[in-house]
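Coordinates as given in final-v4.cif (mmCIF, C-alpha atoms and all ligand atoms):
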data_data
#
loop_
_atom_site.group_PDB
_atom_site.id
_atom_site.type_symbol
_atom_site.label_atom_id
_atom_site.label_comp_id
_atom_site.auth_asym_id
_atom_site.auth_seq_id
_atom_site.Cartn_x
_atom_site.Cartn_y
_atom_site.Cartn_z
ATOM 1 C CA MET A 1 21.398 13.912 -11.104
ATOM 2 C CA LYS A 2 24.305 11.775 -9.953
ATOM 3 C CA ILE A 3 25.112 10.295 -6.543
ATOM 4 C CA PRO A 4 27.235 12.881 -4.670
ATOM 5 C CA LYS A 5 30.996 12.300 -4.897
ATOM 6 C CA HIS A 6 31.526 11.736 -1.199
ATOM 7 C CA ASN A 7 28.915 8.936 -1.053
ATOM 8 C CA THR A 8 31.674 6.673 -2.361
ATOM 9 C CA ASP A 9 30.173 3.489 -0.877
ATOM 10 C CA LEU A 10 26.875 4.041 -2.744
ATOM 11 C CA ARG A 11 28.682 4.782 -6.000
ATOM 12 C CA ARG A 12 30.784 1.644 -5.558
ATOM 13 C CA HIS A 13 27.679 -0.408 -4.686
ATOM 14 C CA VAL A 14 25.968 0.611 -7.938
ATOM 15 C CA LEU A 15 29.132 0.176 -10.022
ATOM 16 C CA ARG A 16 29.865 -3.267 -8.559
ATOM 17 C CA ARG A 17 26.360 -4.487 -9.345
ATOM 18 C CA ASP A 18 26.555 -3.083 -12.883
ATOM 19 C CA LEU A 19 29.855 -4.868 -13.469
ATOM 20 C CA TRP A 20 28.531 -8.170 -12.071
ATOM 21 C CA ARG A 21 25.525 -7.906 -14.352
ATOM 22 C CA ILE A 22 27.636 -7.322 -17.460
ATOM 23 C CA PHE A 23 30.184 -9.955 -16.431
ATOM 24 C CA GLY A 24 27.457 -12.507 -15.628
ATOM 25 C CA CYS A 25 25.693 -11.867 -18.923
ATOM 26 C CA LEU A 26 28.912 -12.178 -20.955
ATOM 27 C CA LEU A 27 29.784 -15.410 -19.138
ATOM 28 C CA TRP A 28 26.294 -16.807 -19.763
ATOM 29 C CA VAL A 29 26.360 -15.962 -23.485
ATOM 30 C CA SER A 30 29.914 -17.265 -23.990
ATOM 31 C CA MET A 31 29.059 -20.524 -22.169
ATOM 32 C CA LEU A 32 26.056 -21.139 -24.430
ATOM 33 C CA ILE A 33 28.006 -20.309 -27.590
ATOM 34 C CA GLY A 34 30.996 -22.339 -26.357
ATOM 35 C CA GLY A 35 28.669 -25.290 -25.754
ATOM 36 C CA ALA A 36 27.337 -25.075 -29.312
ATOM 37 C CA ILE A 37 30.869 -24.913 -30.756
ATOM 38 C CA ALA A 38 31.942 -27.886 -28.634
ATOM 39 C CA TYR A 39 28.883 -29.814 -29.865
ATOM 40 C CA ASN A 40 29.820 -29.073 -33.487
ATOM 41 C CA ASN A 41 33.401 -30.218 -32.895
ATOM 42 C CA ASN A 42 32.240 -33.468 -31.314
ATOM 43 C CA HIS A 43 29.788 -34.206 -34.122
ATOM 44 C CA LYS A 44 31.839 -33.375 -37.225
ATOM 45 C CA THR A 45 30.527 -36.389 -39.140
ATOM 46 C CA TYR A 46 26.868 -35.354 -38.715
ATOM 47 C CA PRO A 47 25.037 -33.750 -41.632
ATOM 48 C CA ASP A 48 24.603 -29.966 -41.430
ATOM 49 C CA TYR A 49 20.956 -30.097 -40.369
ATOM 50 C CA ARG A 50 21.979 -31.912 -37.175
ATOM 51 C CA ARG A 51 24.749 -29.442 -36.300
ATOM 52 C CA MET A 52 24.632 -25.862 -35.070
ATOM 53 C CA VAL A 53 25.597 -24.150 -38.315
ATOM 54 C CA GLY A 54 24.211 -21.316 -40.424
ATOM 55 C CA TRP A 55 20.870 -19.956 -39.271
ATOM 56 C CA ARG A 56 20.687 -22.442 -36.392
ATOM 57 C CA MET A 57 23.853 -20.967 -34.914
ATOM 58 C CA ALA A 58 22.574 -17.418 -35.526
ATOM 59 C CA LEU A 59 19.284 -18.256 -33.774
ATOM 60 C CA TRP A 60 21.180 -19.887 -30.910
ATOM 61 C CA VAL A 61 23.369 -16.802 -30.419
ATOM 62 C CA ALA A 62 20.296 -14.544 -30.558
ATOM 63 C CA LEU A 63 18.470 -16.665 -27.950
ATOM 64 C CA ALA A 64 21.571 -16.709 -25.712
ATOM 65 C CA MET A 65 21.777 -12.908 -25.823
ATOM 66 C CA LEU A 66 18.040 -12.463 -25.306
ATOM 67 C CA SER A 67 17.942 -14.795 -22.282
ATOM 68 C CA GLY A 68 21.027 -13.093 -20.811
ATOM 69 C CA PHE A 69 19.324 -9.735 -21.303
ATOM 70 C CA PHE A 70 16.422 -10.827 -19.074
ATOM 71 C CA ILE A 71 18.203 -13.079 -16.574
ATOM 72 C CA PHE A 72 20.811 -10.444 -15.711
ATOM 73 C CA ARG A 73 18.332 -7.569 -16.026
ATOM 74 C CA ILE A 74 20.374 -5.781 -18.663
ATOM 75 C CA TRP A 75 17.194 -3.880 -19.574
ATOM 76 C CA LYS A 76 17.664 -1.927 -16.334
ATOM 77 C CA PHE A 77 20.533 -0.100 -18.015
ATOM 78 C CA PHE A 78 17.993 1.392 -20.413
ATOM 79 C CA THR A 79 14.957 1.895 -18.156
ATOM 80 C CA ASP A 80 16.458 2.894 -14.788
ATOM 81 C CA ARG A 81 17.243 6.550 -15.451
ATOM 82 C CA PRO A 82 17.847 9.207 -12.810
ATOM 83 C CA CYS A 83 15.224 11.933 -12.484
ATOM 84 C CA THR A 84 14.129 14.854 -10.324
ATOM 85 C CA GLY A 85 10.541 15.915 -9.882
ATOM 86 C CA THR A 86 7.649 16.881 -7.658
ATOM 87 C CA VAL A 87 5.377 14.227 -6.173
ATOM 88 C CA VAL A 88 1.906 14.703 -7.690
ATOM 89 C CA VAL A 89 0.301 11.532 -6.373
ATOM 90 C CA SER A 90 1.638 9.337 -3.585
ATOM 91 C CA GLY A 91 -0.289 6.121 -3.129
ATOM 92 C CA LEU A 92 -0.022 2.419 -2.465
ATOM 93 C CA SER A 93 -0.128 -0.586 -4.721
ATOM 94 C CA ARG A 94 -0.043 -4.293 -4.041
ATOM 95 C CA SER A 95 1.935 -7.043 -5.627
ATOM 96 C CA TYR A 96 2.320 -10.670 -4.689
ATOM 97 C CA THR A 97 4.309 -13.720 -5.592
ATOM 98 C CA PRO A 98 3.020 -17.274 -5.077
ATOM 99 C CA SER A 99 5.412 -19.392 -3.037
ATOM 100 C CA PRO A 100 5.209 -23.085 -2.187
ATOM 101 C CA ASP A 101 4.141 -23.644 1.412
ATOM 102 C CA PRO A 102 3.466 -27.163 2.748
ATOM 103 C CA GLY A 103 1.326 -25.746 5.586
ATOM 104 C CA ALA A 104 -1.197 -24.013 3.333
ATOM 105 C CA MET A 105 -4.455 -25.689 2.288
ATOM 106 C CA ASN A 106 -3.631 -26.035 -1.403
ATOM 107 C CA GLY A 107 0.150 -26.054 -0.935
ATOM 108 C CA VAL A 108 0.562 -22.533 -2.261
ATOM 109 C CA ASP A 109 1.063 -19.420 -0.190
ATOM 110 C CA TYR A 110 1.100 -15.820 -1.394
ATOM 111 C CA ASP A 111 3.721 -13.321 -0.292
ATOM 112 C CA PHE A 112 1.954 -9.989 -0.356
ATOM 113 C CA ARG A 113 3.992 -6.868 -0.731
ATOM 114 C CA THR A 114 2.830 -3.312 -0.354
ATOM 115 C CA ASN A 115 4.486 -0.793 -2.629
ATOM 116 C CA THR A 116 4.642 2.944 -2.580
ATOM 117 C CA ALA A 117 3.571 4.252 -5.980
ATOM 118 C CA LEU A 118 4.624 7.780 -6.849
ATOM 119 C CA ARG A 119 3.603 9.888 -9.802
ATOM 120 C CA LEU A 120 6.228 12.553 -10.404
ATOM 121 C CA ARG A 121 6.043 15.683 -12.494
ATOM 122 C CA LEU A 122 9.564 16.034 -13.838
ATOM 123 C CA ASP A 123 11.315 19.341 -14.381
ATOM 124 C CA ASN A 124 10.764 19.044 -18.135
ATOM 125 C CA GLY A 125 6.977 18.807 -17.609
ATOM 126 C CA LYS A 126 6.728 15.065 -18.288
ATOM 127 C CA HIS A 127 5.350 12.569 -15.798
ATOM 128 C CA ARG A 128 6.959 9.429 -14.486
ATOM 129 C CA ARG A 129 5.763 6.639 -12.227
ATOM 130 C CA LEU A 130 7.999 5.076 -9.599
ATOM 131 C CA ARG A 131 7.161 1.999 -7.583
ATOM 132 C CA PHE A 132 9.154 0.510 -4.719
ATOM 133 C CA GLU A 133 8.547 -1.483 -1.569
ATOM 134 C CA GLN A 134 6.658 0.337 1.169
ATOM 135 C CA LYS A 135 8.541 0.767 4.463
ATOM 136 C CA PRO A 136 7.629 2.486 7.755
ATOM 137 C CA GLY A 137 7.850 6.284 7.622
ATOM 138 C CA PHE A 138 7.200 6.597 3.881
ATOM 139 C CA TYR A 139 3.820 8.239 4.527
ATOM 140 C CA LEU A 140 5.656 11.256 5.917
ATOM 141 C CA TYR A 141 8.565 11.148 3.545
ATOM 142 C CA TYR A 142 7.048 10.818 0.072
ATOM 143 C CA HIS A 143 4.409 13.454 0.547
ATOM 144 C CA GLU A 144 2.514 15.117 -2.278
ATOM 145 C CA GLY A 145 4.127 18.438 -3.234
ATOM 146 C CA GLU A 146 7.606 17.370 -2.107
ATOM 147 C CA ARG A 147 10.534 17.362 -4.512
ATOM 148 C CA VAL A 148 12.389 14.087 -4.801
ATOM 149 C CA ALA A 149 15.395 12.791 -6.738
ATOM 150 C CA LYS A 150 15.782 9.236 -7.994
ATOM 151 C CA PHE A 151 19.280 7.938 -8.672
ATOM 152 C CA ARG A 152 20.319 5.283 -11.129
ATOM 153 C CA GLY A 153 20.738 1.879 -9.490
ATOM 154 C CA LEU A 154 19.203 2.930 -6.147
ATOM 155 C CA PRO A 155 15.540 1.982 -5.593
ATOM 156 C CA TYR A 156 14.488 4.628 -3.057
ATOM 157 C CA PRO A 157 14.252 8.301 -4.119
ATOM 158 C CA ILE A 158 15.580 11.048 -1.826
ATOM 159 C CA ASN A 159 13.474 13.962 -0.579
ATOM 160 C CA LEU A 160 15.202 17.180 -1.665
ATOM 161 C CA ASP A 161 13.988 19.226 1.312
ATOM 162 C CA PRO A 162 17.322 20.533 2.713
ATOM 163 C CA ASP A 163 15.981 20.714 6.276
ATOM 164 C CA ALA A 164 14.814 17.088 6.188
ATOM 165 C CA LYS A 165 11.652 17.883 8.173
ATOM 166 C CA SER A 166 10.176 14.540 7.222
ATOM 167 C CA GLY A 167 13.228 12.494 8.171
ATOM 168 C CA CYS A 168 15.807 10.651 6.080
ATOM 169 C CA VAL A 169 15.563 7.532 3.928
ATOM 170 C CA CYS A 170 18.405 5.223 2.934
ATOM 171 C CA SER A 171 18.441 5.192 -0.874
ATOM 172 C CA ALA A 172 19.774 1.626 -0.898
ATOM 173 C CA CYS A 173 17.513 -0.247 1.573
ATOM 174 C CA GLY A 174 14.696 2.232 2.313
ATOM 175 C CA THR A 175 15.104 2.434 6.082
ATOM 176 C CA TRP A 176 13.539 5.646 7.365
ATOM 177 C CA ARG A 177 14.678 7.551 10.428
ATOM 178 C CA LYS A 178 13.562 10.771 12.015
ATOM 179 C CA GLU A 179 16.933 12.454 12.489
ATOM 180 C CA LYS A 180 19.725 13.105 10.067
ATOM 181 C CA ALA A 181 22.660 10.702 10.237
ATOM 182 C CA PRO A 182 25.766 10.028 8.173
ATOM 183 C CA HIS A 183 24.997 6.310 7.795
ATOM 184 C CA CYS A 184 22.001 3.995 7.583
ATOM 185 C CA GLU A 185 21.481 2.078 10.816
ATOM 186 C CA ALA A 186 20.161 -0.986 8.975
ATOM 187 C CA CYS A 187 22.574 -1.561 6.096
ATOM 188 C CA GLY A 188 25.455 0.770 6.991
ATOM 189 C CA MET A 189 25.445 2.600 3.644
ATOM 190 C CA SER A 190 26.009 6.345 3.710
ATOM 191 C CA LEU A 191 22.902 8.528 3.476
ATOM 192 C CA ILE A 192 22.611 11.127 0.741
ATOM 193 C CA ASP A 193 22.337 14.607 2.218
ATOM 194 C CA PRO A 194 19.832 16.716 0.229
ATOM 195 C CA LYS A 195 22.019 19.766 0.913
ATOM 196 C CA GLU A 196 24.708 18.230 -1.288
ATOM 197 C CA LEU A 197 22.286 18.079 -4.197
ATOM 198 C CA ILE A 198 21.261 21.733 -4.391
HETATM 199 ZN ZN ZN B 1 20.125 1.254 4.427
#

Represent the structure from my file as structure tokens, please.
Amino acid sequence: MKIPKHNTDLRRHVLRRDLWRIFGCLLWVSMLIGGAIAYNNNHKTYPDYRRMVGWRMALWVALAMLSGFFIFRIWKFFTDRPCTGTVVVSGLSRSYTPSPDPGAMNGVDYDFRTNTALRLRLDNGKHRRLRFEQKPGFYLYYHEGERVAKFRGLPYPINLDPDAKSGCVCSACGTWRKEKAPHCEACGMSLIDPKELI
């Protein structure tokens, strides 16, 4: 399922981030390769084992591409696929990241984050797990038995109930509100209307 045509700002948001990712990765890889070539040119008198030639250059290029793949999250192009399914299990999970904090006893603080964890039964019978940051209102919105759609590049799935009994969620930032609205009050992005998806 694709983002509806008239949600042009959301489509542009996803496209812009995709392009920045690809552009950033290409720039990163070309800088590393360019650096190796410049090194070779500046050290022409060195023996081969001290220059970036042959397998050393091949390894360097491979490492540049591999690091770019992770730094710019290129893997998201392969893993972040759109899907539609019914919520089988809606639960919570925790994750945390240690962050330096001079006020804490041992100098390290932990930023706890609560996530909503959904188990979806897709239309083709397969199951898929989705995990995203928990926000107020999600208890009502991602209810078991509800049909939801996840879009590529947008973290928060949309409830496909056309009457929106359980409110609306912004697919970009996850802000929940009770009533239908054309735009998100927090980030200003347009909200996807489930009616457009049926
Ligand atoms: Zn928003």

Taking only C-alpha atoms and all ligand atoms and a cut-off of 7 Å, can you tell me which residues surround ligand ZN 1 (chain B), written as a PDB file with C-alpha atoms, in the frame of the given file?
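Listed below is the output, out.pdb:
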ATOM      1  CA  CYS A 170      18.405   5.223   2.934  1.00  0.00           C
ATOM      2  CA  SER A 171      18.441   5.192  -0.874  1.00  0.00           C
ATOM      3  CA  ALA A 172      19.774   1.626  -0.898  1.00  0.00           C
ATOM      4  CA  CYS A 173      17.513  -0.247   1.573  1.00  0.00           C
ATOM      5  CA  GLY A 174      14.696   2.232   2.313  1.00  0.00           C
ATOM      6  CA  THR A 175      15.104   2.434   6.082  1.00  0.00           C
ATOM      7  CA  CYS A 184      22.001   3.995   7.583  1.00  0.00           C
ATOM      8  CA  GLU A 185      21.481   2.078  10.816  1.00  0.00           C
ATOM      9  CA  ALA A 186      20.161  -0.986   8.975  1.00  0.00           C
ATOM     10  CA  CYS A 187      22.574  -1.561   6.096  1.00  0.00           C
ATOM     11  CA  GLY A 188      25.455   0.770   6.991  1.00  0.00           C
ATOM     12  CA  MET A 189      25.445   2.600   3.644  1.00  0.00           C
TER      13      MET A 189
END

(request) Kindly indicate which residue among A:Val88, A:Leu118, A:Tyr110, A:Pro182 lies nearest to A:Gly145, using only C-alpha atoms for the distances. (result)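 So, comparing all the options, the nearest one is A:Val88.
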
(request) Could you state which residues are captured by the PyMOL selection byres (((chain A and resi 3-13) around 10) and not hetatm) in this file, as a ChimeraX atom specification? (result) /A:1-2,14-18,82,150-154,171-172,182,188-194,196-197

(request) Give me the residues within 8 Å of stretch 120-132 of chain A as a list in words, counting all atoms listed in the file and dropping any in the same chain fewer than 6 places off. (result) Cys83, Thr84, Gly85, Thr86, Val87, Val88, Val89, Pro155 and Tyr156 of chain A

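The shell of residues at most 12 Å from stretch 27-44 of chain A, with only C-alpha atoms counted and near chain neighbours (fewer than 5 positions) removed, consists of A:Leu19, A:Trp20, A:Arg21, A:Ile22, A:Tyr49, A:Arg50, A:Arg51, A:Met52, A:Val53, A:Gly54, A:Arg56, A:Met57, A:Ala58, A:Leu59, A:Trp60, A:Val61, A:Ala62, A:Leu63, A:Ala64, A:Met65, A:Leu66, A:Ser67, A:Gly68, A:Phe69, A:Phe70, A:Ile71, A:Phe72.
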
Your completed stretch 22-42 of chain A with N, CA and C atoms, as a PDB file, in the coordinates of the input:
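Here's the written file part_27.pdb:
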ATOM      1  N   ILE A  22      27.023  -7.221 -16.133  1.00  0.00           N
ATOM      2  CA  ILE A  22      27.636  -7.322 -17.460  1.00  0.00           C
ATOM      3  C   ILE A  22      28.499  -8.582 -17.529  1.00  0.00           C
ATOM      4  N   PHE A  23      29.305  -8.795 -16.474  1.00  0.00           N
ATOM      5  CA  PHE A  23      30.184  -9.955 -16.431  1.00  0.00           C
ATOM      6  C   PHE A  23      29.365 -11.247 -16.475  1.00  0.00           C
ATOM      7  N   GLY A  24      28.312 -11.319 -15.667  1.00  0.00           N
ATOM      8  CA  GLY A  24      27.457 -12.507 -15.628  1.00  0.00           C
ATOM      9  C   GLY A  24      26.812 -12.774 -16.973  1.00  0.00           C
ATOM     10  N   CYS A  25      26.351 -11.718 -17.622  1.00  0.00           N
ATOM     11  CA  CYS A  25      25.693 -11.867 -18.923  1.00  0.00           C
ATOM     12  C   CYS A  25      26.682 -12.349 -19.974  1.00  0.00           C
ATOM     13  N   LEU A  26      27.890 -11.757 -19.981  1.00  0.00           N
ATOM     14  CA  LEU A  26      28.912 -12.178 -20.955  1.00  0.00           C
ATOM     15  C   LEU A  26      29.294 -13.637 -20.733  1.00  0.00           C
ATOM     16  N   LEU A  27      29.421 -14.027 -19.459  1.00  0.00           N
ATOM     17  CA  LEU A  27      29.784 -15.410 -19.138  1.00  0.00           C
ATOM     18  C   LEU A  27      28.694 -16.362 -19.617  1.00  0.00           C
ATOM     19  N   TRP A  28      27.450 -15.999 -19.354  1.00  0.00           N
ATOM     20  CA  TRP A  28      26.294 -16.807 -19.763  1.00  0.00           C
ATOM     21  C   TRP A  28      26.276 -17.010 -21.282  1.00  0.00           C
ATOM     22  N   VAL A  29      26.414 -15.897 -22.021  1.00  0.00           N
ATOM     23  CA  VAL A  29      26.360 -15.962 -23.485  1.00  0.00           C
ATOM     24  C   VAL A  29      27.537 -16.777 -24.018  1.00  0.00           C
ATOM     25  N   SER A  30      28.757 -16.542 -23.458  1.00  0.00           N
ATOM     26  CA  SER A  30      29.914 -17.265 -23.990  1.00  0.00           C
ATOM     27  C   SER A  30      29.840 -18.752 -23.658  1.00  0.00           C
ATOM     28  N   MET A  31      29.220 -19.099 -22.509  1.00  0.00           N
ATOM     29  CA  MET A  31      29.059 -20.524 -22.169  1.00  0.00           C
ATOM     30  C   MET A  31      28.120 -21.211 -23.158  1.00  0.00           C
ATOM     31  N   LEU A  32      27.018 -20.539 -23.492  1.00  0.00           N
ATOM     32  CA  LEU A  32      26.056 -21.139 -24.430  1.00  0.00           C
ATOM     33  C   LEU A  32      26.664 -21.282 -25.823  1.00  0.00           C
ATOM     34  N   ILE A  33      27.389 -20.244 -26.266  1.00  0.00           N
ATOM     35  CA  ILE A  33      28.006 -20.309 -27.590  1.00  0.00           C
ATOM     36  C   ILE A  33      29.132 -21.351 -27.583  1.00  0.00           C
ATOM     37  N   GLY A  34      29.919 -21.354 -26.487  1.00  0.00           N
ATOM     38  CA  GLY A  34      30.996 -22.339 -26.357  1.00  0.00           C
ATOM     39  C   GLY A  34      30.451 -23.753 -26.392  1.00  0.00           C
ATOM     40  N   GLY A  35      29.308 -23.968 -25.750  1.00  0.00           N
ATOM     41  CA  GLY A  35      28.669 -25.290 -25.754  1.00  0.00           C
ATOM     42  C   GLY A  35      28.275 -25.715 -27.151  1.00  0.00           C
ATOM     43  N   ALA A  36      27.746 -24.767 -27.938  1.00  0.00           N
ATOM     44  CA  ALA A  36      27.337 -25.075 -29.312  1.00  0.00           C
ATOM     45  C   ALA A  36      28.548 -25.407 -30.175  1.00  0.00           C
ATOM     46  N   ILE A  37      29.643 -24.658 -29.976  1.00  0.00           N
ATOM     47  CA  ILE A  37      30.869 -24.913 -30.756  1.00  0.00           C
ATOM     48  C   ILE A  37      31.443 -26.282 -30.388  1.00  0.00           C
ATOM     49  N   ALA A  38      31.437 -26.579 -29.083  1.00  0.00           N
ATOM     50  CA  ALA A  38      31.942 -27.886 -28.634  1.00  0.00           C
ATOM     51  C   ALA A  38      31.095 -29.011 -29.227  1.00  0.00           C
ATOM     52  N   TYR A  39      29.783 -28.819 -29.277  1.00  0.00           N
ATOM     53  CA  TYR A  39      28.883 -29.814 -29.865  1.00  0.00           C
ATOM     54  C   TYR A  39      29.240 -30.050 -31.328  1.00  0.00           C
ATOM     55  N   ASN A  40      29.449 -28.959 -32.067  1.00  0.00           N
ATOM     56  CA  ASN A  40      29.820 -29.073 -33.487  1.00  0.00           C
ATOM     57  C   ASN A  40      31.124 -29.842 -33.656  1.00  0.00           C
ATOM     58  N   ASN A  41      32.096 -29.553 -32.786  1.00  0.00           N
ATOM     59  CA  ASN A  41      33.401 -30.218 -32.895  1.00  0.00           C
ATOM     60  C   ASN A  41      33.299 -31.703 -32.590  1.00  0.00           C
ATOM     61  N   ASN A  42      32.384 -32.057 -31.687  1.00  0.00           N
ATOM     62  CA  ASN A  42      32.240 -33.468 -31.314  1.00  0.00           C
ATOM     63  C   ASN A  42      31.376 -34.245 -32.300  1.00  0.00           C
TER      64      ASN A  42
END
